[in-house]
Amino acid sequence: RGKVVMVNFWATWCPACRADWPVWQQVYERYQGGDFTMVAVSIDRDQEALTRFLDRNPYTVPIVWRFDSREKDGFSAIRKTPTTYFIGKDGQVAQVRLGRISPELLSETIEALLQR
């Protein structure tokens, strides 16, 4: 509560996710601190693939690995990658976006939530 949070579910095997990483990093650097934070949740089955990706790409966005082998797809609520949740300062999910988001729409969404 009290912050706008962007939670991005992604995977190393997702071409759109890999292509979006530079944009996510720019957003993180621009808005991090104050009333905004973000986290990228990897739904990769293969933790070694994630480790290799992170070794090759020095991103500073906080990343967590979330895979549960008891669930068919690792994270049952995620049907498409990337999936991005925007959580408002009130702690409620304000928006969910499936697939890629343009840098402009990403900034507009964050700015609108910060103004609330």
# chains A, B, ... in the order shown; residues from 1 in each chain; ligands from 1
>>> residues_around(residues="region 36-42 of chain A", least_positions_apart="2", cutoff="8 Å", atoms="only C-alpha atoms", output="ChimeraX atom specification")
/A:3-12,28,31-34,44,50,61-67,114
>>> select_by_dssp(residues="chain A", states="strand (DSSP E)", output="list in words")
Val4, Val5, Met6, Val7, Asn8, Phe9, Trp10, Phe36, Thr37, Met38, Val39, Ala40, Val41, Ser42, Ile63, Val64, Trp65, Thr83, Thr84, Tyr85, Phe86, Ile87, Val93, Ala94, Gln95, Val96, Arg97 and Leu98 of chain A
>>> closest_residue(among="A:Gln92, A:Cys14, A:Pro82, A:Ala19", to="Gly2 (chain A)", atoms="only C-alpha atoms")
A:Gln92
>>> closest_residue(among="A:Arg1, A:Asp35, A:Val23, A:Cys17", to="Leu105 (chain A)", atoms="only C-alpha atoms")
A:Val23
>>> closest_residue(among="A:Leu54, A:Ile87, A:Ala16, A:Leu113", to="Arg100 (chain A)", atoms="only C-alpha atoms")
A:Ala16
>>> select_by_dssp(residues="region 2-115 of chain A", states="alpha helix (DSSP H)", output="VMD selection string")
chain A and resid 15 to 31 47 to 56 103 to 115
>>> residues_around(residues="Gln25 (chain A)", least_positions_apart="4", cutoff="8 Å", atoms="only C-alpha atoms", output="mmCIF file with N, CA and C atoms, in the first residue's frame")
data_model
loop_
_atom_site.group_PDB
_atom_site.id
_atom_site.type_symbol
_atom_site.label_atom_id
_atom_site.label_comp_id
_atom_site.auth_asym_id
_atom_site.auth_seq_id
_atom_site.Cartn_x
_atom_site.Cartn_y
_atom_site.Cartn_z
ATOM 1 N N TRP A 21 12.707 -6.193 -22.308
ATOM 2 C CA TRP A 21 13.548 -5.937 -21.141
ATOM 3 C C TRP A 21 14.209 -4.560 -21.127
ATOM 4 N N GLU A 29 14.379 2.590 -14.013
ATOM 5 C CA GLU A 29 15.326 3.662 -13.698
ATOM 6 C C GLU A 29 14.636 5.020 -13.608
ATOM 7 N N TYR A 59 20.530 -6.365 -15.844
ATOM 8 C CA TYR A 59 19.405 -5.517 -15.463
ATOM 9 C C TYR A 59 19.347 -5.363 -13.950
ATOM 10 N N THR A 60 18.843 -4.216 -13.512
ATOM 11 C CA THR A 60 18.758 -3.950 -12.069
ATOM 12 C C THR A 60 17.334 -4.031 -11.534
ATOM 13 N N VAL A 61 16.373 -4.307 -12.404
ATOM 14 C CA VAL A 61 14.994 -4.514 -11.950
ATOM 15 C C VAL A 61 14.986 -5.725 -11.015
#
